[in-house]
file my_file25.cif (mmCIF, C-alpha atoms)
data_protein
loop_
_atom_site.label_atom_id
_atom_site.label_comp_id
_atom_site.auth_asym_id
_atom_site.auth_seq_id
_atom_site.Cartn_x
_atom_site.Cartn_y
_atom_site.Cartn_z
CA MET Y 214 0.33 22.75 -13.96
CA SER Y 215 -1.82 20.56 -16.17
CA LYS Y 216 -5.05 19.24 -14.75
CA SER Y 217 -5.88 15.58 -14.24
CA ASN Y 218 -8.24 14.03 -16.78
CA PHE Y 219 -10.35 12.61 -13.95
CA GLU Y 220 -13.80 14.16 -13.54
CA ARG Y 221 -14.76 14.52 -9.89
CA GLU Y 222 -17.70 15.09 -7.58
CA THR Y 223 -18.38 14.64 -3.87
CA ILE Y 224 -21.62 12.82 -3.07
CA GLY Y 225 -22.63 12.45 0.58
CA ASN Y 226 -19.05 12.76 1.83
CA VAL Y 227 -17.83 10.20 -0.72
CA ARG Y 228 -15.42 11.42 -3.37
CA LEU Y 229 -16.14 10.11 -6.88
CA HIS Y 230 -13.40 10.11 -9.55
CA VAL Y 231 -14.22 9.09 -13.13
CA LEU Y 232 -11.75 8.87 -16.02
CA PRO Y 233 -13.71 8.63 -19.30
CA THR Y 234 -11.49 6.77 -21.79
CA ASP Y 235 -11.71 4.23 -24.59
CA GLN Y 236 -8.11 3.11 -23.96
CA PHE Y 237 -9.22 -0.07 -22.16
CA LYS Y 238 -11.65 -2.86 -23.07
CA THR Y 239 -12.82 -3.14 -19.47
CA TYR Y 240 -14.17 -0.96 -16.70
CA ALA Y 241 -11.87 -0.67 -13.68
CA ILE Y 242 -13.53 0.07 -10.33
CA SER Y 243 -11.64 0.81 -7.12
CA VAL Y 244 -13.09 1.80 -3.77
CA TYR Y 245 -10.60 3.06 -1.18
CA ILE Y 246 -11.63 3.26 2.47
CA GLY Y 247 -8.97 4.70 4.78
CA THR Y 248 -8.80 5.02 8.53
CA PRO Y 249 -6.06 6.17 10.93
CA LEU Y 250 -3.94 3.30 12.23
CA THR Y 251 -4.87 2.65 15.88
CA GLU Y 252 -4.44 -0.36 18.16
CA SER Y 253 -8.15 -0.61 18.88
CA THR Y 254 -9.34 -0.59 15.25
CA VAL Y 255 -6.55 -2.09 13.12
CA THR Y 256 -7.60 -5.74 13.53
CA PRO Y 257 -11.40 -5.41 13.10
CA VAL Y 258 -10.89 -3.11 10.09
CA ALA Y 259 -8.54 -5.69 8.54
CA LEU Y 260 -11.03 -8.49 9.21
CA ALA Y 261 -14.08 -6.71 7.76
CA PRO Y 262 -13.29 -7.15 4.03
CA PHE Y 263 -12.58 -10.86 4.54
CA VAL Y 264 -16.10 -11.26 5.93
CA LEU Y 265 -17.66 -8.96 3.31
CA ARG Y 266 -16.40 -11.20 0.49
CA ARG Y 267 -18.50 -14.10 1.83
CA GLY Y 268 -21.90 -12.85 0.73
CA THR Y 269 -24.49 -10.08 0.45
CA ALA Y 270 -28.11 -9.71 1.52
CA LYS Y 271 -29.15 -10.77 -2.01
CA LEU Y 272 -26.43 -13.43 -2.34
CA PRO Y 273 -26.10 -14.77 1.21
CA GLU Y 274 -24.20 -17.95 0.35
CA THR Y 275 -20.56 -17.65 -0.66
CA LYS Y 276 -21.16 -20.03 -3.58
CA GLN Y 277 -23.88 -17.69 -4.91
CA PHE Y 278 -21.60 -14.68 -4.43
CA ARG Y 279 -18.85 -16.29 -6.52
CA GLU Y 280 -21.24 -17.63 -9.15
CA ARG Y 281 -22.54 -14.09 -9.68
CA GLN Y 282 -19.00 -13.04 -10.66
CA ASP Y 283 -18.97 -15.88 -13.21
CA ASP Y 284 -22.32 -14.66 -14.54
CA LEU Y 285 -20.71 -11.26 -15.07
CA TYR Y 286 -18.34 -12.81 -17.61
CA GLY Y 287 -15.74 -13.72 -15.03
CA ALA Y 288 -15.51 -10.26 -13.50
CA GLY Y 289 -12.68 -10.08 -11.01
CA PHE Y 290 -13.52 -8.87 -7.51
CA GLY Y 291 -10.95 -8.62 -4.75
CA PHE Y 292 -9.45 -6.46 -2.05
CA ASP Y 293 -6.16 -5.44 -0.45
CA VAL Y 294 -5.36 -4.18 3.03
CA TYR Y 295 -2.23 -2.06 3.39
CA LYS Y 296 -0.91 1.11 5.00
CA ARG Y 297 0.09 4.43 3.51
CA GLY Y 298 1.73 6.71 6.02
CA ASP Y 299 -0.25 6.50 9.25
CA TYR Y 300 -3.44 5.33 7.48
CA GLN Y 301 -4.76 1.80 7.09
CA ILE Y 302 -6.24 1.48 3.60
CA VAL Y 303 -8.74 -1.11 2.42
CA GLN Y 304 -9.05 -1.18 -1.36
CA PHE Y 305 -11.83 -3.09 -3.12
CA ARG Y 306 -11.32 -3.72 -6.84
CA MET Y 307 -13.41 -5.00 -9.71
CA ASP Y 308 -12.75 -5.20 -13.43
CA MET Y 309 -15.67 -5.73 -15.78
CA ILE Y 310 -15.71 -6.27 -19.53
CA HIS Y 311 -17.16 -3.42 -21.58
CA ASP Y 312 -20.71 -3.62 -22.96
CA ASP Y 313 -19.46 -3.62 -26.57
CA PHE Y 314 -17.82 -7.03 -26.15
CA VAL Y 315 -20.79 -8.98 -24.77
CA LYS Y 316 -24.30 -9.81 -25.86
CA ASP Y 317 -26.18 -8.75 -22.79
CA HIS Y 318 -29.05 -6.60 -21.72
CA GLY Y 319 -28.40 -3.64 -19.48
CA SER Y 320 -25.24 -1.84 -18.51
CA MET Y 321 -22.27 -4.00 -17.54
CA LEU Y 322 -20.88 -1.06 -15.58
CA GLY Y 323 -24.17 -0.71 -13.74
CA GLN Y 324 -24.15 -4.40 -12.82
CA ALA Y 325 -20.53 -4.22 -11.69
CA LEU Y 326 -21.14 -1.17 -9.49
CA GLN Y 327 -24.27 -2.83 -8.08
CA PHE Y 328 -22.20 -5.89 -7.16
CA VAL Y 329 -19.42 -3.83 -5.54
CA GLY Y 330 -21.90 -1.58 -3.74
CA GLU Y 331 -23.83 -4.50 -2.25
CA ALA Y 332 -20.63 -6.33 -1.32
CA ILE Y 333 -19.37 -3.34 0.67
CA THR Y 334 -22.55 -1.79 2.06
CA ASP Y 335 -25.22 -4.53 2.15
CA PRO Y 336 -23.61 -7.70 3.56
CA VAL Y 337 -25.49 -10.83 4.59
CA ARG Y 338 -26.78 -10.48 8.17
CA ASP Y 339 -28.16 -12.86 10.74
CA GLN Y 340 -30.22 -11.07 13.39
CA GLY Y 341 -28.83 -7.73 12.26
CA VAL Y 342 -25.12 -8.60 12.51
CA PHE Y 343 -22.53 -10.54 10.51
CA ARG Y 344 -23.14 -14.26 10.04
CA ALA Y 345 -21.25 -16.02 12.86
CA LYS Y 346 -19.81 -18.90 10.79
CA TYR Y 347 -18.36 -16.42 8.29
CA VAL Y 348 -16.76 -14.36 11.05
CA GLU Y 349 -15.14 -17.40 12.66
CA ALA Y 350 -13.90 -18.78 9.34
CA GLU Y 351 -12.39 -15.47 8.29
CA LYS Y 352 -10.77 -14.92 11.69
CA ASP Y 353 -8.93 -18.15 11.00
CA THR Y 354 -8.02 -16.96 7.49
CA LEU Y 355 -6.60 -13.70 8.84
CA ARG Y 356 -4.77 -15.53 11.63
CA LYS Y 357 -3.02 -17.65 8.99
CA ARG Y 358 -2.16 -14.58 6.90
CA ILE Y 359 -0.50 -12.95 9.90
CA ALA Y 360 1.33 -16.18 10.79
CA ALA Y 361 2.64 -16.40 7.21
CA ILE Y 362 4.61 -13.20 7.81
CA VAL Y 363 6.60 -14.91 10.58
CA ASN Y 364 7.33 -17.85 8.27
CA ASP Y 365 8.66 -15.54 5.56
CA LYS Y 366 11.81 -14.27 7.26
CA ILE Y 367 12.45 -11.48 4.73
CA ARG Y 368 9.00 -10.02 5.41
CA TYR Y 369 9.28 -10.73 9.12
CA ALA Y 370 12.57 -8.83 9.43
CA ALA Y 371 11.12 -5.89 7.51
CA GLU Y 372 8.08 -5.72 9.80
CA ARG Y 373 10.12 -6.12 12.99
CA MET Y 374 12.42 -3.30 11.94
CA ILE Y 375 9.42 -0.99 11.43
CA GLU Y 376 7.98 -2.05 14.82
CA GLU Y 377 11.23 -1.12 16.54
CA MET Y 378 11.83 2.05 14.58
CA CYS Y 379 8.30 3.40 15.05
CA GLN Y 380 7.60 2.18 18.61
CA SER Y 381 5.64 5.29 19.58
CA GLU Y 382 3.99 5.90 16.18
CA PRO Y 383 0.89 4.42 14.53
CA TYR Y 384 3.09 3.27 11.64
CA ARG Y 385 4.43 0.44 13.83
CA LEU Y 386 1.14 -1.43 13.39
CA HIS Y 387 0.83 -4.05 10.66
CA PRO Y 388 -2.20 -3.34 8.41
CA LEU Y 389 -3.49 -6.91 8.88
CA GLY Y 390 -3.71 -6.34 12.62
CA ARG Y 391 -2.65 -8.53 15.53
CA THR Y 392 -3.34 -12.19 16.20
CA ASP Y 393 -4.07 -11.61 19.89
CA ASP Y 394 -6.93 -9.25 18.99
CA LEU Y 395 -8.82 -11.83 16.91
CA ALA Y 396 -10.19 -14.13 19.62
CA PRO Y 397 -12.39 -11.51 21.39
CA ILE Y 398 -14.02 -10.34 18.14
CA THR Y 399 -17.70 -11.36 17.88
CA PRO Y 400 -20.21 -10.94 15.03
CA GLU Y 401 -21.78 -8.12 17.08
CA SER Y 402 -18.55 -6.25 17.85
CA LEU Y 403 -17.28 -6.65 14.28
CA PHE Y 404 -20.53 -5.36 12.77
CA ALA Y 405 -20.51 -2.33 15.09
CA SER Y 406 -16.89 -1.63 14.09
CA TYR Y 407 -17.77 -2.07 10.41
CA GLU Y 408 -20.67 0.40 10.61
CA THR Y 409 -18.47 3.04 12.28
CA TRP Y 410 -15.68 2.43 9.75
CA LEU Y 411 -18.05 2.82 6.80
CA ALA Y 412 -19.72 5.94 8.25
CA ASP Y 413 -16.64 7.84 9.39
CA SER Y 414 -13.72 6.95 7.08
CA PRO Y 415 -12.68 8.91 3.99
CA ILE Y 416 -13.97 7.00 0.93
CA ASP Y 417 -12.86 7.41 -2.69
CA VAL Y 418 -14.64 5.63 -5.54
CA TYR Y 419 -12.80 5.39 -8.86
CA VAL Y 420 -14.10 4.28 -12.25
CA VAL Y 421 -11.94 4.17 -15.38
CA GLY Y 422 -13.47 3.24 -18.73
CA ASN Y 423 -15.75 4.32 -21.55
CA THR Y 424 -18.32 6.11 -19.39
CA THR Y 425 -19.19 9.51 -17.96
CA LEU Y 426 -19.35 11.07 -14.53
CA ALA Y 427 -23.13 11.43 -14.83
CA GLU Y 428 -23.60 7.73 -15.68
CA VAL Y 429 -21.39 6.55 -12.82
CA LYS Y 430 -23.05 8.93 -10.36
CA ALA Y 431 -26.50 7.52 -11.18
CA HIS Y 432 -25.31 3.94 -10.65
CA LEU Y 433 -23.43 4.88 -7.47
CA GLU Y 434 -26.43 6.44 -5.78
CA SER Y 435 -28.55 3.32 -6.30
CA ALA Y 436 -25.85 0.71 -5.61
CA PHE Y 437 -24.22 1.94 -2.41
CA LYS Y 438 -26.28 2.04 0.78
CA TRP Y 439 -24.03 3.91 3.17
CA LYS Y 440 -24.89 6.33 5.93
CA ARG Y 441 -22.04 8.79 5.94
CA LYS Y 442 -21.01 11.06 8.80
CA GLY Y 443 -17.28 11.45 8.40
CA THR Y 444 -15.00 13.62 6.33
CA ALA Y 445 -14.39 13.07 2.63
CA ALA Y 446 -10.70 13.96 2.77
CA TYR Y 447 -7.53 12.74 4.49
CA ASP Y 448 -6.24 15.21 7.03
CA ARG Y 449 -3.63 13.33 9.06
CA LYS Y 450 -0.07 14.14 8.05
CA ALA Y 451 2.75 11.69 8.73
CA GLU Y 452 4.69 12.35 11.92
CA HIS Y 453 8.37 13.21 11.46
CA LYS Y 454 10.18 11.96 14.53
CA GLN Y 455 13.61 13.40 15.20
CA VAL Y 456 16.41 10.84 15.40
CA GLY Y 457 18.60 10.68 18.49
CA GLU Y 458 21.06 7.86 18.94
CA VAL Y 459 20.85 5.08 16.36
CA ARG Y 460 19.13 2.02 17.86
CA THR Y 461 20.46 -1.47 17.19
CA VAL Y 462 18.10 -4.41 17.70
CA ILE Y 463 19.16 -8.05 17.35
CA ASP Y 464 16.61 -10.86 17.21
CA ARG Y 465 17.55 -14.54 17.30
CA MET Y 466 15.60 -17.32 15.61
CA ASP Y 467 16.29 -20.62 13.88
CA VAL Y 468 17.53 -19.07 10.62
CA THR Y 469 20.40 -20.02 8.31
CA GLN Y 470 20.88 -16.56 6.80
CA GLY Y 471 21.07 -13.19 8.53
CA LYS Y 472 18.56 -10.46 7.67
CA LEU Y 473 20.04 -6.99 8.04
CA ASN Y 474 17.46 -4.20 7.81
CA MET Y 475 18.02 -0.50 8.37
CA GLY Y 476 15.44 2.24 8.82
CA LEU Y 477 16.11 5.78 7.63
CA ARG Y 478 14.04 8.93 8.04
CA THR Y 479 14.09 11.13 4.93
CA TYR Y 480 11.82 13.93 6.22
CA VAL Y 481 10.38 14.13 2.68
CA THR Y 482 6.87 12.96 1.78
CA TYR Y 483 4.82 12.64 -1.39
CA ALA Y 484 3.36 16.15 -1.14
CA ASP Y 485 6.74 17.87 -0.78
CA LYS Y 486 8.49 19.56 -3.70
CA GLU Y 487 11.60 17.52 -2.82
CA TYR Y 488 9.75 14.23 -3.48
CA PRO Y 489 11.19 13.73 -7.01
CA ALA Y 490 14.70 14.11 -5.51
CA ALA Y 491 13.80 11.60 -2.78
CA LEU Y 492 12.66 9.17 -5.51
CA MET Y 493 16.03 9.63 -7.20
CA TYR Y 494 17.84 9.18 -3.87
CA ASN Y 495 16.10 5.85 -3.29
CA GLY Y 496 16.69 4.73 -6.88
CA ILE Y 497 20.40 5.47 -6.79
CA LEU Y 498 20.93 4.10 -3.30
CA GLY Y 499 19.11 0.78 -3.61
CA GLY Y 500 15.99 0.85 -5.75
CA TYR Y 501 17.36 -0.86 -8.88
CA PRO Y 502 19.95 -3.44 -10.04
CA HIS Y 503 22.36 -0.62 -10.99
CA SER Y 504 22.09 0.98 -7.52
CA LYS Y 505 24.95 1.49 -5.07
CA LEU Y 506 23.74 -1.14 -2.59
CA PHE Y 507 23.35 -3.83 -5.22
CA LEU Y 508 26.67 -3.14 -6.96
CA ASN Y 509 28.83 -2.44 -3.91
CA VAL Y 510 27.37 -4.59 -1.13
CA ARG Y 511 26.28 -7.56 -3.24
CA GLU Y 512 28.40 -7.59 -6.41
CA LYS Y 513 31.79 -6.06 -5.54
CA GLU Y 514 32.12 -7.12 -1.90
CA SER Y 515 29.96 -10.28 -2.12
CA LEU Y 516 28.59 -9.45 1.34
CA ALA Y 517 24.91 -9.92 0.61
CA TYR Y 518 22.58 -12.34 -1.16
CA TYR Y 519 20.29 -9.39 -1.83
CA ALA Y 520 20.51 -5.68 -1.01
CA SER Y 521 17.93 -3.05 -1.86
CA SER Y 522 16.00 -0.06 -0.54
CA ARG Y 523 12.36 0.96 -0.52
CA LEU Y 524 10.75 4.37 0.02
CA ASP Y 525 7.34 4.93 1.65
CA GLY Y 526 6.65 8.39 0.27
CA HIS Y 527 3.58 8.86 2.47
CA LYS Y 528 5.56 8.32 5.68
CA GLY Y 529 8.95 9.64 4.60
CA ILE Y 530 10.69 6.45 5.68
CA LEU Y 531 13.26 4.60 3.59
CA THR Y 532 14.13 1.02 4.48
CA ILE Y 533 17.19 -0.98 3.46
CA GLN Y 534 16.96 -4.76 3.39
CA SER Y 535 19.74 -7.28 2.84
CA GLY Y 536 20.48 -10.96 3.39
CA ILE Y 537 23.95 -11.70 4.74
CA GLU Y 538 26.12 -14.32 6.43
CA PHE Y 539 26.06 -13.85 10.20
CA ALA Y 540 29.82 -13.17 10.30
CA ASN Y 541 29.51 -10.32 7.79
CA TYR Y 542 27.29 -8.13 9.98
CA GLU Y 543 29.89 -5.47 10.89
CA LYS Y 544 31.30 -5.28 7.35
CA ALA Y 545 27.83 -5.01 5.80
CA VAL Y 546 26.73 -2.24 8.17
CA ALA Y 547 29.94 -0.32 7.47
CA ILE Y 548 29.67 -0.52 3.69
CA ILE Y 549 25.95 0.39 3.68
CA LYS Y 550 26.74 3.45 5.81
CA ARG Y 551 29.52 4.33 3.35
CA GLN Y 552 27.03 4.33 0.46
CA MET Y 553 24.83 6.74 2.43
CA GLU Y 554 27.85 8.99 3.07
CA HIS Y 555 28.70 8.99 -0.63
CA MET Y 556 25.15 10.11 -1.41
CA ALA Y 557 25.39 12.96 1.13
CA GLU Y 558 28.71 14.01 -0.40
CA GLY Y 559 27.20 14.10 -3.88
CA GLN Y 560 29.28 11.19 -5.16
CA ILE Y 561 26.78 10.29 -7.84
CA SER Y 562 27.90 9.45 -11.38
CA GLU Y 563 26.28 10.63 -14.59
CA LEU Y 564 25.52 6.98 -15.38
CA GLU Y 565 23.72 6.53 -12.04
CA MET Y 566 21.72 9.71 -12.73
CA SER Y 567 20.71 8.75 -16.27
CA GLN Y 568 19.93 5.09 -15.50
CA THR Y 569 17.79 5.99 -12.48
CA LYS Y 570 15.86 8.69 -14.35
CA ALA Y 571 15.19 6.21 -17.16
CA MET Y 572 14.00 3.50 -14.75
CA ILE Y 573 11.62 5.83 -12.87
CA ALA Y 574 10.26 7.34 -16.12
CA ASN Y 575 9.71 3.89 -17.66
CA GLN Y 576 7.84 2.67 -14.57
CA LEU Y 577 5.59 5.74 -14.59
CA ARG Y 578 4.92 5.48 -18.33
CA GLU Y 579 4.09 1.78 -18.03
CA SER Y 580 1.70 2.57 -15.18
CA GLN Y 581 -0.40 4.59 -17.62
CA ASP Y 582 -1.02 1.39 -19.61
CA SER Y 583 -2.89 -0.03 -16.61
CA ALA Y 584 -6.21 1.36 -15.44
CA PHE Y 585 -5.57 0.28 -11.84
CA GLU Y 586 -2.06 1.80 -11.81
CA THR Y 587 -3.51 5.05 -13.17
CA ILE Y 588 -6.03 4.98 -10.33
CA ALA Y 589 -3.33 4.22 -7.75
CA LEU Y 590 -1.24 7.21 -8.81
CA ASP Y 591 -4.22 9.53 -8.59
CA PHE Y 592 -5.18 8.15 -5.18
CA ASN Y 593 -1.67 9.07 -3.97
CA ASN Y 594 -2.63 12.66 -4.77
CA GLN Y 595 -5.90 12.40 -2.85
CA LEU Y 596 -4.15 10.86 0.15
CA SER Y 597 -1.40 13.46 0.25
CA GLY Y 598 -3.49 16.48 -0.72
CA THR Y 599 -1.37 17.31 -3.76
CA VAL Y 600 -1.82 17.33 -7.53
CA ARG Y 601 0.86 15.62 -9.59
CA SER Y 602 0.20 13.62 -12.75
CA ALA Y 603 2.50 10.87 -14.03
CA ALA Y 604 3.71 13.19 -16.80
CA GLN Y 605 4.47 15.95 -14.29
CA LEU Y 606 6.34 13.56 -12.00
CA ILE Y 607 8.41 12.29 -14.94
CA GLU Y 608 9.26 15.88 -15.87
CA GLN Y 609 10.18 16.75 -12.26
CA VAL Y 610 12.39 13.66 -11.96
CA GLU Y 611 14.14 14.44 -15.25
CA GLN Y 612 14.83 17.98 -14.05
CA THR Y 613 16.30 16.79 -10.73
CA ASP Y 614 20.02 17.47 -10.51
CA ARG Y 615 22.80 16.03 -8.36
CA GLU Y 616 22.66 18.93 -5.92
CA ALA Y 617 18.94 18.38 -5.20
CA ILE Y 618 19.63 14.71 -4.44
CA ARG Y 619 22.61 15.64 -2.26
CA ARG Y 620 20.41 18.03 -0.23
CA VAL Y 621 17.88 15.24 0.37
CA ALA Y 622 20.72 12.84 1.25
CA GLU Y 623 22.13 15.34 3.73
CA GLY Y 624 18.81 15.35 5.59
CA VAL Y 625 18.43 11.56 5.71
CA LYS Y 626 19.06 10.13 9.18
CA LEU Y 627 19.73 6.52 10.10
CA ASP Y 628 17.28 5.64 12.88
CA THR Y 629 17.37 1.87 13.49
CA ILE Y 630 19.55 -1.12 12.61
CA TYR Y 631 17.77 -4.46 12.89
CA PHE Y 632 19.53 -7.82 12.57
CA LEU Y 633 17.80 -11.19 12.56
CA ARG Y 634 20.36 -13.93 13.20
CA ASP Y 635 20.76 -17.50 14.46
CA ARG Y 636 20.61 -18.66 18.09
CA LYS Y 637 24.33 -19.46 18.29
CA GLY Y 638 25.96 -17.67 21.22
CA GLU Y 639 22.66 -16.77 22.95
#
call {"tool": "encode", "arguments": {"input": "my_file25.cif", "output": "C-alpha cells"}}
result
Amino acid sequence: MSKSNFERETIGNVRLHVLPTDQFKTYAISVYIGTPLTESTVTPVALAPFVLRRGTAKLPETKQFRERQDDLYGAGFGFDVYKRGDYQIVQFRMDMIHDDFVKDHGSMLGQALQFVGEAITDPVRDQGVFRAKYVEAEKDTLRKRIAAIVNDKIRYAAERMIEEMCQSEPYRLHPLGRTDDLAPITPESLFASYETWLADSPIDVYVVGNTTLAEVKAHLESAFKWKRKGTAAYDRKAEHKQVGEVRTVIDRMDVTQGKLNMGLRTYVTYADKEYPAALMYNGILGGYPHSKLFLNVREKESLAYYASSRLDGHKGILTIQSGIEFANYEKAVAIIKRQMEHMAEGQISELEMSQTKAMIANQLRESQDSAFETIALDFNNQLSGTVRSAAQLIEQVEQTDREAIRRVAEGVKLDTIYFLRDRKGE
C-alpha cells in the first residue's frame, strides 16, 4: 500500500499534516475540530465559530477583522459545521496567495497561519468572556440558519427522516444544533463551552502548498494559543443498529409536492474493506443520472420529479430522496423497493458497472486538482482510522465486481420510510 505524500507530526495533542507541493499557486489551510454529537454540546459548539469570526484580541472589531483579510490580498477565511458519523465537525478554512506572486515582506503562509490561529484561539474578550453583542447577534444568525432548513422542504424532509431513523443515536442531531437551546446561552456559558471544546476535542491542522513540515510547525507553535488536554485521534466508531420492523412516518405540512425519503442501513463504513463496493452500490442505485432510481422511478415510470441516493460512509447509512405527487406514494415506494431487490439479486448490467466506475474515478481524480478536496479525502482517513489514497480508492473501485456489490446489497436493510405530504385528509 503506497504511503500518503502528507508529512505528519503531533504537537501538543494536535495532529499536523503538511503536503509540500508546487501544484497550486496558493496555500490551503484547514483546521478540523471534532467532538462527539451530544444534546448538551451540539448547539454551543455550532455557535462558537459564528462568534469567533467576529474578531480577535488584536482585531476586536469585525470591520478590522475583515479588513485584515483584504490586506492579505483578499485571503478567504471561512468555516463549515457538519457531521461525519456520530461526530460534529467544525472546519475552518483559509486560502492565501503564495509569496512568489506578491511584493510583500515576510511569509504569506506565516501571516495566514497567524490569522487563523488568532481567530480560533485568541478571540476578542470582554471581562474574560465573549463579547455579549457578538454572542447575541450570532445567536440570531444561527437561529435563522436553522429556520432556513424548515423552509427548504427537500432539506427538511431529509433531516426529519434521519431524526426518526436514528431516534436513539447521536446521529439524529443536526450539526447546527437546536433553536430551543439558543436562548439560555450566555457569553459566560458559551466561553466555558468553547474552552472545553478547544482543550478536549481532536484537532487536525492541514497545510497544502509550497512549504515544509518544519516551516509550518514553527508558524503553528507561535500562532495557536491552545491549552490541550484531550486526545489527538478519533476513537468513537459509528453505531450499527439492527433493523426490526420498517417504520413509516408521515408528516403533514402546507406543501404542494410530496417528499418521499427512505433510510437504509448498509453496515459498511469508510474503514471497511467493503467500502468501495458500498460506493458502487450507492452509485448504481441512485448516485448518478444513469442510476436505477433516476431511470426507473423518474424517467420510465414518471413517478418522481427527482430521485437519488446518498451514502454517509462514516455512519454506514444510505438515504434515498425523491419528490412525488401525493397520489403516487404507494407506487413510488414499491418501485424503489424493487430497485433494491434487483441490487440484492445481482441484476446489474455491464453498462451500469462501467458508467458508475467511470463516474467515481472521475470525481476522485478531479478532487486531486483541488487542495481542499485533497485535504478532505485525507481527513476521511484520519476520522476513520484507515489509510486509503485517492489512487488506491480508484483502483479498489475498478476491481469491484458484481458479486461484491451484490453481497453489500444483500446486507442493506430498509429502516425507515418518511413521507412529507399535504394536510388534505388530516
call {"tool": "resolve_selection", "arguments": {"input": "my_file25.cif", "expression": "the PyMOL selection byres ((chain Y and resi 219-224) around 9)", "output": "PyMOL selection string"}}
result
chain Y and resi 216-218+225-233+421+425-426+430+434+445+591
call {"tool": "resolve_selection", "arguments": {"input": "my_file25.cif", "expression": "the PyMOL selection byres ((chain Y and resi 261) around 10)", "output": "tab-separated table (two decimals) with C-alpha atoms, in the frame of the given file"}}
result
chain	number	residue	atom	x	y	z
Y	256	THR	CA	-7.60	-5.74	13.53
Y	257	PRO	CA	-11.40	-5.41	13.10
Y	258	VAL	CA	-10.89	-3.11	10.09
Y	259	ALA	CA	-8.54	-5.69	8.54
Y	260	LEU	CA	-11.03	-8.49	9.21
Y	262	PRO	CA	-13.29	-7.15	4.03
Y	263	PHE	CA	-12.58	-10.86	4.54
Y	264	VAL	CA	-16.10	-11.26	5.93
Y	265	LEU	CA	-17.66	-8.96	3.31
Y	266	ARG	CA	-16.40	-11.20	0.49
Y	303	VAL	CA	-8.74	-1.11	2.42
Y	333	ILE	CA	-19.37	-3.34	0.67
Y	343	PHE	CA	-22.53	-10.54	10.51
Y	348	VAL	CA	-16.76	-14.36	11.05
Y	351	GLU	CA	-12.39	-15.47	8.29
Y	352	LYS	CA	-10.77	-14.92	11.69
Y	403	LEU	CA	-17.28	-6.65	14.28
Y	404	PHE	CA	-20.53	-5.36	12.77
Y	406	SER	CA	-16.89	-1.63	14.09
Y	407	TYR	CA	-17.77	-2.07	10.41
Y	410	TRP	CA	-15.68	2.43	9.75
call {"tool": "resolve_selection", "arguments": {"input": "my_file25.cif", "expression": "the PyMOL selection byres ((chain Y and resi 290-301) around 6)", "output": "ChimeraX atom specification"}}
result
/Y:247-250,289,302-307,383-384,388,451,527-528
call {"tool": "closest_residue", "arguments": {"input": "my_file25.cif", "among": "Y:Phe539, Y:Tyr347, Y:Tyr494, Y:Tyr483", "to": "Y:Pro400", "atoms": "all atoms listed in the file"}}
result
Y:Tyr347
call {"tool": "residues_around", "arguments": {"input": "my_file25.cif", "residues": "Y:Met321", "least_positions_apart": "2", "cutoff": "9 Å", "atoms": "all atoms listed in the file", "output": "list in words"}}
result
Tyr240, Leu285, Met309, Ile310, His311, Asp312, Val315, Asp317, His318, Gly319, Gly323, Gln324, Ala325 and Leu326 of chain Y
call {"tool": "atom_distance", "arguments": {"input": "my_file25.cif", "atom1": "atom CA of Y:Met475", "atom2": "atom CA of Y:Thr532"}}
result
5.7 Å
call {"tool": "residues_around", "arguments": {"input": "my_file25.cif", "residues": "Y:Gln612", "least_positions_apart": "4", "cutoff": "12 Å", "atoms": "only C-alpha atoms", "output": "PyMOL selection string"}}
result
chain Y and resi 487+489-490+493+566-567+570+574+605-608+616-618
call {"tool": "atom_distance", "arguments": {"input": "my_file25.cif", "atom1": "atom CA of Y:Glu408", "atom2": "atom CA of Y:Glu274"}}
result
21.3 Å
call {"tool": "residues_near_point", "arguments": {"input": "my_file25.cif", "point": "(-4.1, 21.7, 1.1)", "cutoff": "12 Å", "atoms": "only C-alpha atoms", "output": "ChimeraX atom specification"}}
result
/Y:446-450,484-485,594-600
